[in-house]
>>> print(open('protein-v9.pdb').read())   # PDB, C-alpha atoms
ATOM      1  CA  MET F 452       0.000   0.000   0.000
ATOM      2  CA  LEU F 453       1.454   3.324  -1.072
ATOM      3  CA  VAL F 454       1.583   6.041   1.589
ATOM      4  CA  PRO F 455       3.314   9.435   1.617
ATOM      5  CA  PHE F 456       6.899   8.989   2.804
ATOM      6  CA  ASP F 457       6.479  11.639   5.491
ATOM      7  CA  GLN F 458       3.681   9.572   7.051
ATOM      8  CA  LEU F 459       5.960   6.592   7.666
ATOM      9  CA  PRO F 460       7.027   6.176  11.308
ATOM     10  CA  GLU F 461      10.542   7.117  12.412
ATOM     11  CA  GLU F 462      11.384   3.389  12.757
ATOM     12  CA  ALA F 463      10.459   2.688   9.130
ATOM     13  CA  ARG F 464      13.096   0.640   7.328
ATOM     14  CA  ILE F 465      14.615   2.369   4.318
ATOM     15  CA  TRP F 466      16.767   1.600   1.326
ATOM     16  CA  ILE F 467      18.711   4.302  -0.503
ATOM     17  CA  TYR F 468      19.736   4.050  -4.136
ATOM     18  CA  PRO F 469      22.090   6.825  -5.298
ATOM     19  CA  SER F 470      22.083   7.577  -9.006
ATOM     20  CA  ASP F 471      25.261   8.083 -10.989
ATOM     21  CA  ARG F 472      23.661  11.183 -12.506
ATOM     22  CA  PRO F 473      20.795  13.588 -11.738
ATOM     23  CA  PHE F 474      17.335  12.539 -12.907
ATOM     24  CA  ARG F 475      15.932  14.537 -15.815
ATOM     25  CA  SER F 476      12.485  16.082 -15.308
ATOM     26  CA  ASP F 477      10.824  13.509 -17.593
ATOM     27  CA  GLU F 478      12.579  10.727 -15.668
ATOM     28  CA  ILE F 479      11.306  12.087 -12.351
ATOM     29  CA  LEU F 480       7.726  11.721 -13.610
ATOM     30  CA  GLN F 481       8.513   8.233 -14.894
ATOM     31  CA  LEU F 482      10.165   7.257 -11.592
ATOM     32  CA  GLU F 483       7.281   8.627  -9.532
ATOM     33  CA  GLN F 484       4.786   6.610 -11.577
ATOM     34  CA  ALA F 485       6.852   3.405 -11.546
ATOM     35  CA  LEU F 486       7.553   3.642  -7.821
ATOM     36  CA  SER F 487       3.906   4.405  -7.042
ATOM     37  CA  ASP F 488       2.767   1.416  -9.094
ATOM     38  CA  PHE F 489       5.321  -0.948  -7.566
ATOM     39  CA  LEU F 490       4.805   0.120  -3.949
ATOM     40  CA  ALA F 491       1.009   0.027  -4.289
ATOM     41  CA  GLN F 492       1.168  -3.715  -4.979
ATOM     42  CA  TRP F 493       4.319  -4.663  -2.960
ATOM     43  CA  THR F 494       3.657  -7.528  -0.560
ATOM     44  CA  ALA F 495       5.420  -9.875   1.853
ATOM     45  CA  HIS F 496       3.822 -13.283   2.391
ATOM     46  CA  ASN F 497       0.621 -12.015   0.744
ATOM     47  CA  GLN F 498       0.463  -9.113   3.180
ATOM     48  CA  SER F 499       0.481  -5.586   1.785
ATOM     49  CA  LEU F 500       3.522  -3.504   2.734
ATOM     50  CA  GLU F 501       2.871   0.077   3.806
ATOM     51  CA  ALA F 502       5.534   1.845   1.768
ATOM     52  CA  GLY F 503       6.498   5.267   0.504
ATOM     53  CA  PHE F 504       9.302   6.934  -1.410
ATOM     54  CA  VAL F 505      11.104  10.212  -1.984
ATOM     55  CA  LEU F 506      13.555  11.366  -4.649
ATOM     56  CA  PRO F 507      15.853  13.766  -2.766
ATOM     57  CA  HIS F 508      18.034  16.118  -4.777
ATOM     58  CA  ASP F 509      16.657  14.471  -7.951
ATOM     59  CA  ARG F 510      19.565  12.090  -7.453
ATOM     60  CA  PHE F 511      18.464   9.398  -4.994
ATOM     61  CA  ILE F 512      15.633   6.914  -4.705
ATOM     62  CA  VAL F 513      14.659   6.326  -1.076
ATOM     63  CA  ILE F 514      12.090   3.625  -0.327
ATOM     64  CA  GLY F 515      10.676   3.130   3.149
ATOM     65  CA  ILE F 516       8.328   0.601   4.726
ATOM     66  CA  ASN F 517       6.382   0.664   7.956
ATOM     67  CA  GLN F 518       7.511  -2.498   9.709
ATOM     68  CA  GLU F 519       4.898  -2.050  12.416
ATOM     69  CA  THR F 520       2.250  -3.227   9.950
ATOM     70  CA  ALA F 521       4.292  -5.881   8.070
ATOM     71  CA  HIS F 522       7.971  -6.788   7.742
ATOM     72  CA  ALA F 523       9.736  -7.107   4.421
ATOM     73  CA  SER F 524      10.696 -10.698   3.705
ATOM     74  CA  GLY F 525      13.552 -12.060   1.636
ATOM     75  CA  CYS F 526      11.219 -12.518  -1.328
ATOM     76  CA  SER F 527       9.772  -9.019  -1.056
ATOM     77  CA  ILE F 528      13.252  -7.490  -0.801
ATOM     78  CA  ASP F 529      14.312  -9.538  -3.832
ATOM     79  CA  SER F 530      11.335  -8.197  -5.784
ATOM     80  CA  SER F 531      12.303  -4.618  -4.892
ATOM     81  CA  VAL F 532      15.882  -5.252  -6.039
ATOM     82  CA  ARG F 533      14.608  -6.642  -9.348
ATOM     83  CA  PHE F 534      12.392  -3.566  -9.679
ATOM     84  CA  ILE F 535      15.368  -1.226  -9.116
ATOM     85  CA  GLN F 536      17.431  -3.229 -11.623
ATOM     86  CA  GLU F 537      14.643  -2.790 -14.187
ATOM     87  CA  LEU F 538      14.708   0.965 -13.559
ATOM     88  CA  GLU F 539      18.495   0.939 -14.065
ATOM     89  CA  LYS F 540      18.124  -0.716 -17.472
ATOM     90  CA  GLU F 541      15.145   1.339 -18.577
ATOM     91  CA  LEU F 542      16.653   4.715 -17.630
ATOM     92  CA  GLN F 543      20.318   3.775 -18.129
ATOM     93  CA  LEU F 544      21.234   4.580 -14.525
ATOM     94  CA  ASP F 545      23.636   3.047 -12.050
ATOM     95  CA  LEU F 546      21.667   2.782  -8.796
ATOM     96  CA  MET F 547      23.027  -0.284  -7.035
ATOM     97  CA  ASN F 548      26.791   0.069  -7.033
ATOM     98  CA  LYS F 549      27.634   0.005  -3.326
ATOM     99  CA  MET F 550      31.234   0.984  -4.137
ATOM    100  CA  ASN F 551      30.097   4.471  -5.166
ATOM    101  CA  VAL F 552      30.309   7.352  -2.705
ATOM    102  CA  THR F 553      28.229  10.532  -2.907
ATOM    103  CA  PHE F 554      29.284  13.861  -1.453
ATOM    104  CA  LYS F 555      28.711  17.577  -1.891
ATOM    105  CA  ASN F 556      31.139  20.083  -3.290
ATOM    106  CA  ASN F 557      29.408  23.398  -2.553
ATOM    107  CA  ASP F 558      25.904  22.749  -3.932
ATOM    108  CA  THR F 559      26.988  20.113  -6.434
ATOM    109  CA  ILE F 560      26.414  16.457  -5.644
ATOM    110  CA  ASN F 561      29.228  14.214  -6.795
ATOM    111  CA  LEU F 562      29.302  10.461  -7.137
ATOM    112  CA  VAL F 563      32.665   8.718  -7.407
ATOM    113  CA  ASN F 564      33.914   5.220  -6.809
ATOM    114  CA  LEU F 565      35.452   4.446  -3.446
ATOM    115  CA  ALA F 566      39.031   4.477  -4.784
ATOM    116  CA  ALA F 567      38.547   8.003  -6.177
ATOM    117  CA  PHE F 568      36.993   9.140  -2.897
ATOM    118  CA  GLN F 569      40.014   7.795  -0.995
ATOM    119  CA  LYS F 570      42.363   9.610  -3.385
ATOM    120  CA  PHE F 571      40.397  12.876  -3.000
ATOM    121  CA  ALA F 572      40.689  12.510   0.779
ATOM    122  CA  LYS F 573      44.425  11.776   0.568
ATOM    123  CA  ASP F 574      44.930  14.797  -1.704
ATOM    124  CA  GLY F 575      42.961  17.026   0.693
ATOM    125  CA  LYS F 576      40.135  17.656  -1.790
ATOM    126  CA  ILE F 577      37.723  16.099   0.702
ATOM    127  CA  GLY F 578      37.982  16.890   4.383
ATOM    128  CA  GLN F 579      36.286  16.381   7.723
ATOM    129  CA  GLU F 580      33.708  19.088   7.002
ATOM    130  CA  THR F 581      32.782  17.750   3.545
ATOM    131  CA  ILE F 582      29.104  16.814   3.421
ATOM    132  CA  VAL F 583      28.698  13.150   2.527
ATOM    133  CA  PHE F 584      25.612  11.039   1.999
ATOM    134  CA  ASN F 585      25.631   8.093   4.369
ATOM    135  CA  ASN F 586      23.605   5.702   2.237
ATOM    136  CA  MET F 587      24.086   3.004   4.887
ATOM    137  CA  VAL F 588      21.433   4.464   7.207
ATOM    138  CA  ASN F 589      18.475   2.108   7.487
ATOM    139  CA  THR F 590      15.655   3.872   9.332
ATOM    140  CA  LYS F 591      13.655   6.942   8.439
ATOM    141  CA  GLU F 592      14.896   8.658  11.597
ATOM    142  CA  ASP F 593      18.533   8.007  10.636
ATOM    143  CA  PHE F 594      17.779   9.171   7.113
ATOM    144  CA  GLU F 595      16.386  12.440   8.422
ATOM    145  CA  ASN F 596      19.195  13.022  10.939
ATOM    146  CA  ASN F 597      22.307  11.160   9.775
ATOM    147  CA  TRP F 598      22.119  10.804   6.015
ATOM    148  CA  GLU F 599      23.522  14.145   4.879
ATOM    149  CA  VAL F 600      26.367  14.723   7.364
ATOM    150  CA  GLN F 601      29.931  15.917   7.697
ATOM    151  CA  ALA F 602      32.399  13.218   6.733
ATOM    152  CA  LYS F 603      33.838  13.228  10.260
ATOM    153  CA  LYS F 604      30.436  12.020  11.553
ATOM    154  CA  SER F 605      30.098   9.141   9.097
ATOM    155  CA  TRP F 606      31.775   5.885   8.172
ATOM    156  CA  HIS F 607      33.626   7.967   5.536
ATOM    157  CA  LYS F 608      35.897   9.366   8.273
ATOM    158  CA  ARG F 609      38.172   6.327   8.042
ATOM    159  CA  PHE F 610      39.484   7.722   4.731
ATOM    160  CA  LEU F 611      40.283  11.191   6.009
ATOM    161  CA  ILE F 612      43.703  12.396   7.050
TER     162      ILE F 612
END
>>> encode(input="protein-v9.pdb", output="structure tokens")
Amino acid sequence: MLVPFDQLPEEARIWIYPSDRPFRSDEILQLEQALSDFLAQWTAHNQSLEAGFVLPHDRFIVIGINQETAHASGCSIDSSVRFIQELEKELQLDLMNKMNVTFKNNDTINLVNLAAFQKFAKDGKIGQETIVFNNMVNTKEDFENNWEVQAKKSWHKRFLI
């Protein structure tokens, strides 16, 4: 069952998919429709999942589910992964590469592979105050409070000098 993302409880489980490029305006409409359709029928063990989504910065897909009403199962998570993979192919995006790191440089969002991020840190192009996107957060509350943070407050700090 599709619900507005902001109506999900703070404990809602989330998944974040960073895109290798910004979404175009026509793609945003396409993503909103596809996500709405998928989440409206998403189930776990024949039980409807209360789920919502947001597309922050026109660069990320964030899906959340209310686990108070029903928990995602292995099969339901697999179906969501297949759905995201279909979006990748259809829109020619890279959404699932966990070796990519996203960060801000002024108001620009950058996505680089982990090796490049480490080199930027070593070269001093990225520092403790750099805003990074901690795509490892897994609750709505963490997403709202700990997703867009200074590198020194994230797992990224291990790469800083």
>>> atom_distance(input="protein-v9.pdb", atom1="CA of Glu461 (chain F)", atom2="CA of Glu592 (chain F)")
4.7 Å
>>> closest_residue(input="protein-v9.pdb", among="F:Leu546, F:Ala491, F:Leu482, F:Ile514", to="Asn589 (chain F)", atoms="only C-alpha atoms")
F:Ile514
>>> residues_around(input="protein-v9.pdb", residues="Leu506 (chain F)", least_positions_apart="3", cutoff="12 Å", atoms="only C-alpha atoms", output="PyMOL selection string")
chain F and resi 456+466-470+473-476+478-483+486+503+509-515
>>> closest_residue(input="protein-v9.pdb", among="F:Glu580, F:Phe504, F:Pro460, F:Arg609", to="Glu519 (chain F)", atoms="all atoms listed in the file")
F:Pro460
>>> residues_around(input="protein-v9.pdb", residues="Asn517 (chain F)", least_positions_apart="3", cutoff="9 Å", atoms="all atoms listed in the file", output="PyMOL selection string")
chain F and resi 459-464+500-503+520-522
>>> closest_residue(input="protein-v9.pdb", among="F:Ile528, F:Phe489, F:Arg472, F:Asp457", to="Thr559 (chain F)", atoms="only C-alpha atoms")
F:Arg472
>>> closest_residue(input="protein-v9.pdb", among="F:Trp598, F:Asp471, F:Ser531, F:Met452", to="Gln492 (chain F)", atoms="only C-alpha atoms")
F:Met452
>>> resolve_selection(input="protein-v9.pdb", expression="the PyMOL selection byres ((chain F and resi 547-550) around 6)", output="PyMOL selection string")
chain F and resi 546+551+564-565
